[in-house]
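Colleague: Contents of run-v7.cif (mmCIF, C-alpha atoms):
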data_upload
#
loop_
_atom_site.label_atom_id
_atom_site.label_comp_id
_atom_site.auth_asym_id
_atom_site.auth_seq_id
_atom_site.Cartn_x
_atom_site.Cartn_y
_atom_site.Cartn_z
CA MET A 1 2.19 -3.10 -20.16
CA ARG A 2 5.20 -5.34 -19.50
CA VAL A 3 6.57 -2.85 -16.98
CA THR A 4 3.26 -2.80 -15.13
CA ARG A 5 3.12 -6.61 -15.05
CA THR A 6 6.71 -6.86 -13.77
CA ILE A 7 6.07 -4.35 -11.01
CA ARG A 8 2.81 -6.11 -10.11
CA ASP A 9 4.68 -9.45 -9.99
CA PHE A 10 7.20 -8.03 -7.52
CA GLU A 11 4.41 -6.49 -5.43
CA ASN A 12 2.48 -9.78 -5.37
CA ALA A 13 5.66 -11.67 -4.45
CA LEU A 14 6.26 -9.33 -1.53
CA LEU A 15 2.68 -9.72 -0.28
CA THR A 16 2.89 -13.51 -0.60
CA LEU A 17 6.17 -13.63 1.33
CA LEU A 18 4.77 -11.34 4.02
CA GLU A 19 2.09 -13.92 4.80
CA LYS A 20 4.76 -16.12 6.42
CA ASN A 21 7.89 -13.97 6.82
CA SER A 22 8.90 -10.80 8.64
CA PHE A 23 9.72 -7.93 6.28
CA GLU A 24 12.89 -7.18 8.22
CA HIS A 25 14.23 -10.65 7.38
CA LEU A 26 13.19 -10.73 3.71
CA THR A 27 15.89 -10.36 1.10
CA VAL A 28 15.76 -9.10 -2.46
CA ASP A 29 16.81 -12.58 -3.59
CA GLN A 30 13.77 -14.15 -1.86
CA ILE A 31 11.47 -11.59 -3.47
CA CYS A 32 12.99 -12.24 -6.92
CA LYS A 33 12.70 -15.99 -6.47
CA GLU A 34 9.03 -15.69 -5.47
CA ALA A 35 8.32 -13.37 -8.41
CA LEU A 36 10.23 -15.68 -10.79
CA LEU A 37 12.19 -12.66 -11.98
CA HIS A 38 15.87 -11.81 -12.10
CA ARG A 39 17.59 -9.59 -9.56
CA SER A 40 18.53 -7.11 -12.30
CA SER A 41 14.82 -6.68 -13.06
CA PHE A 42 14.22 -5.83 -9.43
CA TYR A 43 16.82 -3.07 -9.47
CA ARG A 44 15.50 -1.73 -12.75
CA TYR A 45 12.28 -0.74 -10.94
CA PHE A 46 13.21 -0.43 -7.25
CA SER A 47 16.18 0.96 -5.38
CA ASP A 48 15.75 -1.52 -2.49
CA LYS A 49 13.13 -3.59 -0.69
CA TYR A 50 11.86 -0.47 1.12
CA ASP A 51 11.14 1.16 -2.23
CA LEU A 52 9.18 -1.96 -3.24
CA LEU A 53 7.34 -1.83 0.10
CA GLU A 54 6.39 1.81 -0.45
CA GLN A 55 5.10 1.15 -3.96
CA THR A 56 3.25 -1.98 -2.82
CA LEU A 57 1.56 -0.24 0.11
CA ASN A 58 0.70 2.72 -2.10
CA ALA A 59 -0.86 0.40 -4.71
CA GLN A 60 -2.82 -1.47 -2.03
CA ILE A 61 -4.12 1.73 -0.44
CA ASN A 62 -4.98 3.19 -3.84
CA LYS A 63 -6.98 0.05 -4.62
CA LEU A 64 -8.84 0.46 -1.35
CA THR A 65 -9.51 4.16 -1.53
CA ASP A 66 -10.20 4.31 -5.27
CA ASN A 67 -13.17 1.98 -4.86
CA THR A 68 -15.92 4.32 -6.04
CA ASP A 69 -18.59 1.85 -4.88
CA SER A 70 -17.50 2.30 -1.29
CA GLU A 71 -18.82 5.08 0.92
CA ASP A 72 -16.33 4.11 3.65
CA ASP A 73 -13.77 6.60 4.88
CA ILE A 74 -10.05 5.89 4.73
CA ILE A 75 -9.99 4.70 8.36
CA LYS A 76 -12.66 2.04 7.81
CA GLN A 77 -11.01 0.95 4.57
CA LEU A 78 -7.59 0.58 6.21
CA ILE A 79 -8.90 -1.27 9.26
CA SER A 80 -10.98 -3.60 7.08
CA TYR A 81 -7.88 -4.31 4.99
CA ILE A 82 -5.87 -5.08 8.11
CA GLU A 83 -8.56 -7.42 9.37
CA GLN A 84 -8.49 -9.31 6.06
CA HIS A 85 -4.66 -9.43 5.91
CA LYS A 86 -3.69 -9.95 9.55
CA GLU A 87 -0.67 -12.11 8.84
CA VAL A 88 0.79 -9.69 6.29
CA ILE A 89 0.38 -6.83 8.76
CA ARG A 90 1.80 -8.93 11.61
CA HIS A 91 4.91 -9.66 9.53
CA LEU A 92 5.13 -6.08 8.34
CA ALA A 93 4.92 -4.56 11.81
CA PRO A 94 8.36 -4.06 13.29
CA ASN A 95 9.02 -5.49 16.72
CA SER A 96 9.44 -2.04 18.26
CA ALA A 97 8.99 1.64 17.54
CA ARG A 98 12.79 1.89 17.54
CA SER A 99 12.96 -0.17 14.37
CA SER A 100 13.87 1.64 11.16
CA LEU A 101 10.88 -0.10 9.57
CA TYR A 102 8.53 1.74 11.94
CA THR A 103 9.91 5.05 10.66
CA GLU A 104 9.67 3.81 7.09
CA ILE A 105 6.02 2.80 7.48
CA LEU A 106 5.23 6.12 9.17
CA THR A 107 6.84 7.99 6.27
CA ILE A 108 5.07 5.86 3.64
CA LEU A 109 1.64 6.29 5.22
CA SER A 110 2.23 10.04 5.65
CA GLN A 111 3.16 10.41 1.99
CA ILE A 112 0.10 8.43 0.92
CA LEU A 113 -2.15 10.67 3.04
CA LEU A 114 -0.52 13.76 1.54
CA GLU A 115 -1.10 12.43 -1.97
CA ARG A 116 -4.77 11.78 -1.13
CA ARG A 117 -5.33 15.47 -0.31
CA ASN A 118 -5.33 16.27 -4.04
CA ILE A 119 -8.46 14.17 -4.52
CA LYS A 120 -11.98 15.54 -4.20
CA THR A 121 -13.63 13.56 -1.41
CA ASN A 122 -15.87 13.74 1.64
CA ASP A 123 -13.31 11.89 3.78
CA PRO A 124 -12.76 14.02 6.91
CA ILE A 125 -9.05 13.16 7.11
CA VAL A 126 -8.41 14.23 3.52
CA ILE A 127 -10.47 17.41 4.03
CA ALA A 128 -8.47 18.22 7.18
CA LEU A 129 -5.23 17.79 5.23
CA GLN A 130 -6.55 20.07 2.50
CA LYS A 131 -7.44 22.79 5.04
CA SER A 132 -4.37 22.46 7.24
CA ASP A 133 -1.74 25.19 7.47
CA ASN A 134 0.84 22.42 7.85
CA PRO A 135 -0.48 19.33 6.02
CA GLU A 136 2.84 17.49 6.24
CA MET A 137 2.92 17.66 10.05
CA LEU A 138 -0.77 16.70 10.25
CA ALA A 139 -0.14 13.73 7.94
CA TYR A 140 2.63 12.49 10.25
CA VAL A 141 0.49 12.95 13.37
CA LEU A 142 -2.46 11.12 11.78
CA SER A 143 -0.17 8.37 10.48
CA GLY A 144 1.26 7.87 13.95
CA ALA A 145 -2.25 7.63 15.38
CA ILE A 146 -3.33 5.14 12.71
CA ILE A 147 -0.21 3.01 13.16
CA GLY A 148 -0.62 3.17 16.95
CA THR A 149 -4.17 1.90 16.58
CA PHE A 150 -2.96 -0.98 14.42
CA TYR A 151 -0.25 -1.92 16.96
CA TRP A 152 -2.74 -1.80 19.80
CA TRP A 153 -5.23 -3.97 17.89
CA GLN A 154 -2.53 -6.46 16.98
CA GLY A 155 -1.28 -6.47 20.59
CA ASN A 156 -4.81 -7.43 21.61
CA ASN A 157 -4.64 -10.30 19.10
CA TYR A 158 -7.42 -8.66 17.06
CA ASP A 159 -9.91 -9.71 19.78
CA VAL A 160 -11.51 -6.25 19.80
CA PRO A 161 -14.33 -6.07 17.24
CA LYS A 162 -13.43 -4.22 14.05
CA GLU A 163 -16.34 -1.80 14.53
CA ASP A 164 -14.96 -0.76 17.95
CA VAL A 165 -11.51 -0.13 16.45
CA ILE A 166 -13.02 1.92 13.63
CA LYS A 167 -15.10 3.95 16.09
CA PHE A 168 -12.04 4.63 18.26
CA ALA A 169 -9.80 5.52 15.31
CA ARG A 170 -12.41 7.92 13.91
CA ALA A 171 -12.88 9.59 17.31
CA THR A 172 -9.12 9.96 17.69
CA ALA A 173 -8.78 11.40 14.20
CA ARG A 174 -11.55 13.90 14.94
CA LEU A 175 -9.71 14.99 18.10
CA LEU A 176 -6.49 15.47 16.16
CA ILE A 177 -8.21 17.31 13.33
CA ASN A 178 -10.27 19.70 15.43
#
Can you turn what I pasted into structure tokens?

Modeller:
Amino acid sequence: MRVTRTIRDFENALLTLLEKNSFEHLTVDQICKEALLHRSSFYRYFSDKYDLLEQTLNAQINKLTDNTDSEDDIIKQLISYIEQHKEVIRHLAPNSARSSLYTEILTILSQILLERRNIKTNDPIVIALQKSDNPEMLAYVLSGAIIGTFYWWQGNNYDVPKEDVIKFARATARLLIN
């Protein structure tokens, strides 16, 4: 229980800091200070801030997609989350696709999609991953499309209605899947 609380405290600290700070400029010391925990505790659970980011994003996505009350697909859930947490996403998004953080986020999202394929669901993306001859490549392609959609939406200052973004992302996913 204590381990879970400590990990949750670090995850919450990261999310709080991301509301006002770029991930690329955050330090482990800032995260520890925000969490009110010692640096040695951080390294007991995480190898670096990217490891914390991966676990935090995974926990957030699991919370979204494990909501049994929701009939929404993973695309709608992710886009709704982004709409609700614009500043976190803005500070998480690297300034360019050449950033190592872009690659890290692509890898994290791909791994999360691959983990989701073991779950029984009606989500078309998960079903496509389950049926694919090369689920890892499909997960990367879909992740790139999802991240591209997020960048485009952010670049348009979120002025495009959420429903239009969801419709576009679903149509794009269907094209990639079929």

Colleague: Box for stretch 11-24 of chain A: with edges along x, y and z, all listed atoms inside and 4 Å added on each side, what are the centre and edge lengths in Å to one decimal, as lines of an AutoDock Vina configuration file?

Modeller:
center_x = 7.5
center_y = -11.3
center_z = 1.6
size_x = 18.8
size_y = 17.6
size_z = 22.1

Colleague: Mind telling me what the PyMOL selection byres ((chain A and resi 125) around 8) catches here, as a short mmCIF file (atom, residue, chain, number, x, y, z; two decimals) with C-alpha atoms, keeping the file's coordinate frame?

Modeller:
data_model
loop_
_atom_site.label_atom_id
_atom_site.label_comp_id
_atom_site.auth_asym_id
_atom_site.auth_seq_id
_atom_site.Cartn_x
_atom_site.Cartn_y
_atom_site.Cartn_z
CA ILE A 74 -10.05 5.89 4.73
CA ASP A 123 -13.31 11.89 3.78
CA PRO A 124 -12.76 14.02 6.91
CA VAL A 126 -8.41 14.23 3.52
CA ILE A 127 -10.47 17.41 4.03
CA ALA A 128 -8.47 18.22 7.18
CA LEU A 129 -5.23 17.79 5.23
CA ALA A 173 -8.78 11.40 14.20
CA ILE A 177 -8.21 17.31 13.33
#

Colleague: Please, what distance in Å, to one decimal, runs between atom CA of A:Arg174 and atom CA of A:Ala145?

Modeller: 11.2 Å

Colleague: On this structure, the PyMOL selection byres ((chain A and resi 88) around 8) would catch which residues? List them as a list in words, sorted by chain and number.

Modeller: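 Evaluating the PyMOL selection byres ((chain A and resi 88) around 8) on this file yields Leu15, Leu18, Glu19, Lys20, His85, Lys86, Glu87, Ile89, Arg90, His91 and Leu92 of chain A.
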
Colleague: For atom CA of A:Tyr45 and atom CA of A:Ile7, determine how far apart the two atoms are, in Å to one decimal place.

Modeller: 7.2 Å

Colleague: Could you list the residues chosen by the PyMOL selection byres ((chain A and resi 148) around 12) in this structure as a ChimeraX atom specification?

Modeller: /A:93,96-97,102,105-106,140-147,149-155,165,168-169,172-173

Colleague: I'd like the neighbourhood of stretch 31-41 of chain A as a ChimeraX atom specification, where a residue qualifies if any of its atoms comes within 8 Å (using all atoms listed in the file), though same-chain residues fewer than 2 positions away should be ignored.

Modeller: /A:9-10,12-14,17,26-29,43-45

Colleague: Place a sphere of radius 12 Å on (-9.4, -1.0, 5.7) in the file coordinates and name every protein, DNA or RNA residue with an atom inside or on its surface, counting only C-alpha atoms; give the answer as a PyMOL selection string.

Modeller: chain A and resi 60-65+67+70+72-86+89+146+150+162-163+165-166+169

Colleague: So how far away is atom CA of A:Thr6 from atom CA of A:Glu24, in Å?

Modeller: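 Distance between the two atoms: 22.8 Å.
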
Colleague: Hey, which of A:Asn156, A:Asn118, A:Ser132, A:Thr107 ends up closest to A:Leu53? Count all atoms listed in the file.

Modeller: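 Counting all atoms listed in the file, the residue closest to A:Leu53 is A:Thr107.
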
Colleague: Using all atoms listed in the file, find the one residue out of A:Glu136, A:Asp51, A:Thr4, A:Ala59 that sits nearest to A:Leu113.

Modeller: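 Between A:Glu136, A:Asp51, A:Thr4, A:Ala59, the residue approaching A:Leu113 most closely is A:Glu136.
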
Colleague: Would you mind completing stretch 155-166 of chain A to all heavy atoms and writing the output as a PDB file, in the coordinates of the input?

Modeller:
ATOM      1  N   GLY A 155      -1.694  -6.072  19.242  1.00  0.00           N
ATOM      2  CA  GLY A 155      -1.280  -6.470  20.590  1.00  0.00           C
ATOM      3  C   GLY A 155      -2.408  -7.130  21.369  1.00  0.00           C
ATOM      4  O   GLY A 155      -2.164  -7.935  22.271  1.00  0.00           O
ATOM      5  N   ASN A 156      -3.636  -6.799  21.010  1.00  0.00           N
ATOM      6  CA  ASN A 156      -4.810  -7.430  21.610  1.00  0.00           C
ATOM      7  C   ASN A 156      -5.272  -8.621  20.790  1.00  0.00           C
ATOM      8  O   ASN A 156      -6.422  -9.060  20.923  1.00  0.00           O
ATOM      9  CB  ASN A 156      -5.940  -6.413  21.789  1.00  0.00           C
ATOM     10  CG  ASN A 156      -5.698  -5.511  22.963  1.00  0.00           C
ATOM     11  OD1 ASN A 156      -5.878  -5.912  24.093  1.00  0.00           O
ATOM     12  ND2 ASN A 156      -5.227  -4.303  22.692  1.00  0.00           N
ATOM     13  N   ASN A 157      -4.393  -9.117  19.934  1.00  0.00           N
ATOM     14  CA  ASN A 157      -4.640 -10.300  19.100  1.00  0.00           C
ATOM     15  C   ASN A 157      -5.926 -10.174  18.274  1.00  0.00           C
ATOM     16  O   ASN A 157      -6.628 -11.154  18.062  1.00  0.00           O
ATOM     17  CB  ASN A 157      -4.664 -11.557  19.973  1.00  0.00           C
ATOM     18  CG  ASN A 157      -4.284 -12.782  19.188  1.00  0.00           C
ATOM     19  OD1 ASN A 157      -3.594 -12.684  18.172  1.00  0.00           O
ATOM     20  ND2 ASN A 157      -4.741 -13.934  19.628  1.00  0.00           N
ATOM     21  N   TYR A 158      -6.245  -8.953  17.884  1.00  0.00           N
ATOM     22  CA  TYR A 158      -7.420  -8.660  17.060  1.00  0.00           C
ATOM     23  C   TYR A 158      -8.728  -9.118  17.729  1.00  0.00           C
ATOM     24  O   TYR A 158      -9.724  -9.342  17.056  1.00  0.00           O
ATOM     25  CB  TYR A 158      -7.289  -9.289  15.664  1.00  0.00           C
ATOM     26  CG  TYR A 158      -6.073  -8.814  14.904  1.00  0.00           C
ATOM     27  CD1 TYR A 158      -4.928  -9.600  14.819  1.00  0.00           C
ATOM     28  CD2 TYR A 158      -6.072  -7.580  14.271  1.00  0.00           C
ATOM     29  CE1 TYR A 158      -3.805  -9.155  14.115  1.00  0.00           C
ATOM     30  CE2 TYR A 158      -4.963  -7.129  13.574  1.00  0.00           C
ATOM     31  CZ  TYR A 158      -3.831  -7.924  13.496  1.00  0.00           C
ATOM     32  OH  TYR A 158      -2.734  -7.485  12.800  1.00  0.00           O
ATOM     33  N   ASP A 159      -8.715  -9.268  19.064  1.00  0.00           N
ATOM     34  CA  ASP A 159      -9.910  -9.710  19.780  1.00  0.00           C
ATOM     35  C   ASP A 159     -10.959  -8.613  19.926  1.00  0.00           C
ATOM     36  O   ASP A 159     -12.106  -8.893  20.247  1.00  0.00           O
ATOM     37  CB  ASP A 159      -9.539 -10.244  21.174  1.00  0.00           C
ATOM     38  CG  ASP A 159      -8.833 -11.596  21.095  1.00  0.00           C
ATOM     39  OD1 ASP A 159      -9.014 -12.291  20.075  1.00  0.00           O
ATOM     40  OD2 ASP A 159      -8.105 -11.932  22.040  1.00  0.00           O
ATOM     41  N   VAL A 160     -10.562  -7.373  19.739  1.00  0.00           N
ATOM     42  CA  VAL A 160     -11.510  -6.250  19.800  1.00  0.00           C
ATOM     43  C   VAL A 160     -12.247  -6.198  18.475  1.00  0.00           C
ATOM     44  O   VAL A 160     -11.612  -6.254  17.406  1.00  0.00           O
ATOM     45  CB  VAL A 160     -10.754  -4.932  20.076  1.00  0.00           C
ATOM     46  CG1 VAL A 160     -11.704  -3.758  20.087  1.00  0.00           C
ATOM     47  CG2 VAL A 160      -9.963  -5.035  21.380  1.00  0.00           C
ATOM     48  N   PRO A 161     -13.575  -6.103  18.496  1.00  0.00           N
ATOM     49  CA  PRO A 161     -14.330  -6.070  17.240  1.00  0.00           C
ATOM     50  C   PRO A 161     -13.882  -4.920  16.326  1.00  0.00           C
ATOM     51  O   PRO A 161     -13.582  -3.820  16.803  1.00  0.00           O
ATOM     52  CB  PRO A 161     -15.784  -5.872  17.683  1.00  0.00           C
ATOM     53  CG  PRO A 161     -15.821  -6.354  19.098  1.00  0.00           C
ATOM     54  CD  PRO A 161     -14.464  -6.070  19.672  1.00  0.00           C
ATOM     55  N   LYS A 162     -13.855  -5.200  15.050  1.00  0.00           N
ATOM     56  CA  LYS A 162     -13.430  -4.220  14.050  1.00  0.00           C
ATOM     57  C   LYS A 162     -14.210  -2.916  14.188  1.00  0.00           C
ATOM     58  O   LYS A 162     -13.625  -1.829  14.096  1.00  0.00           O
ATOM     59  CB  LYS A 162     -13.605  -4.800  12.646  1.00  0.00           C
ATOM     60  CG  LYS A 162     -13.292  -3.822  11.528  1.00  0.00           C
ATOM     61  CD  LYS A 162     -13.439  -4.443  10.155  1.00  0.00           C
ATOM     62  CE  LYS A 162     -14.885  -4.470   9.769  1.00  0.00           C
ATOM     63  NZ  LYS A 162     -15.115  -4.835   8.364  1.00  0.00           N
ATOM     64  N   GLU A 163     -15.504  -2.995  14.421  1.00  0.00           N
ATOM     65  CA  GLU A 163     -16.340  -1.800  14.530  1.00  0.00           C
ATOM     66  C   GLU A 163     -15.879  -0.918  15.689  1.00  0.00           C
ATOM     67  O   GLU A 163     -15.909   0.307  15.587  1.00  0.00           O
ATOM     68  CB  GLU A 163     -17.818  -2.177  14.698  1.00  0.00           C
ATOM     69  CG  GLU A 163     -18.424  -2.828  13.468  1.00  0.00           C
ATOM     70  CD  GLU A 163     -17.949  -4.279  13.232  1.00  0.00           C
ATOM     71  OE1 GLU A 163     -17.520  -4.956  14.189  1.00  0.00           O
ATOM     72  OE2 GLU A 163     -17.988  -4.702  12.071  1.00  0.00           O
ATOM     73  N   ASP A 164     -15.455  -1.524  16.809  1.00  0.00           N
ATOM     74  CA  ASP A 164     -14.960  -0.760  17.950  1.00  0.00           C
ATOM     75  C   ASP A 164     -13.645  -0.050  17.597  1.00  0.00           C
ATOM     76  O   ASP A 164     -13.416   1.093  18.009  1.00  0.00           O
ATOM     77  CB  ASP A 164     -14.743  -1.655  19.167  1.00  0.00           C
ATOM     78  CG  ASP A 164     -16.052  -2.179  19.753  1.00  0.00           C
ATOM     79  OD1 ASP A 164     -17.133  -1.728  19.314  1.00  0.00           O
ATOM     80  OD2 ASP A 164     -15.982  -3.052  20.640  1.00  0.00           O
ATOM     81  N   VAL A 165     -12.779  -0.724  16.861  1.00  0.00           N
ATOM     82  CA  VAL A 165     -11.510  -0.130  16.450  1.00  0.00           C
ATOM     83  C   VAL A 165     -11.754   1.044  15.509  1.00  0.00           C
ATOM     84  O   VAL A 165     -11.149   2.111  15.644  1.00  0.00           O
ATOM     85  CB  VAL A 165     -10.585  -1.191  15.795  1.00  0.00           C
ATOM     86  CG1 VAL A 165      -9.293  -0.554  15.291  1.00  0.00           C
ATOM     87  CG2 VAL A 165     -10.280  -2.314  16.773  1.00  0.00           C
ATOM     88  N   ILE A 166     -12.678   0.851  14.565  1.00  0.00           N
ATOM     89  CA  ILE A 166     -13.020   1.920  13.630  1.00  0.00           C
ATOM     90  C   ILE A 166     -13.574   3.131  14.380  1.00  0.00           C
ATOM     91  O   ILE A 166     -13.160   4.273  14.138  1.00  0.00           O
ATOM     92  CB  ILE A 166     -14.020   1.426  12.563  1.00  0.00           C
ATOM     93  CG1 ILE A 166     -13.347   0.408  11.650  1.00  0.00           C
ATOM     94  CG2 ILE A 166     -14.588   2.591  11.750  1.00  0.00           C
ATOM     95  CD1 ILE A 166     -14.314  -0.362  10.751  1.00  0.00           C
TER      96      ILE A 166
END
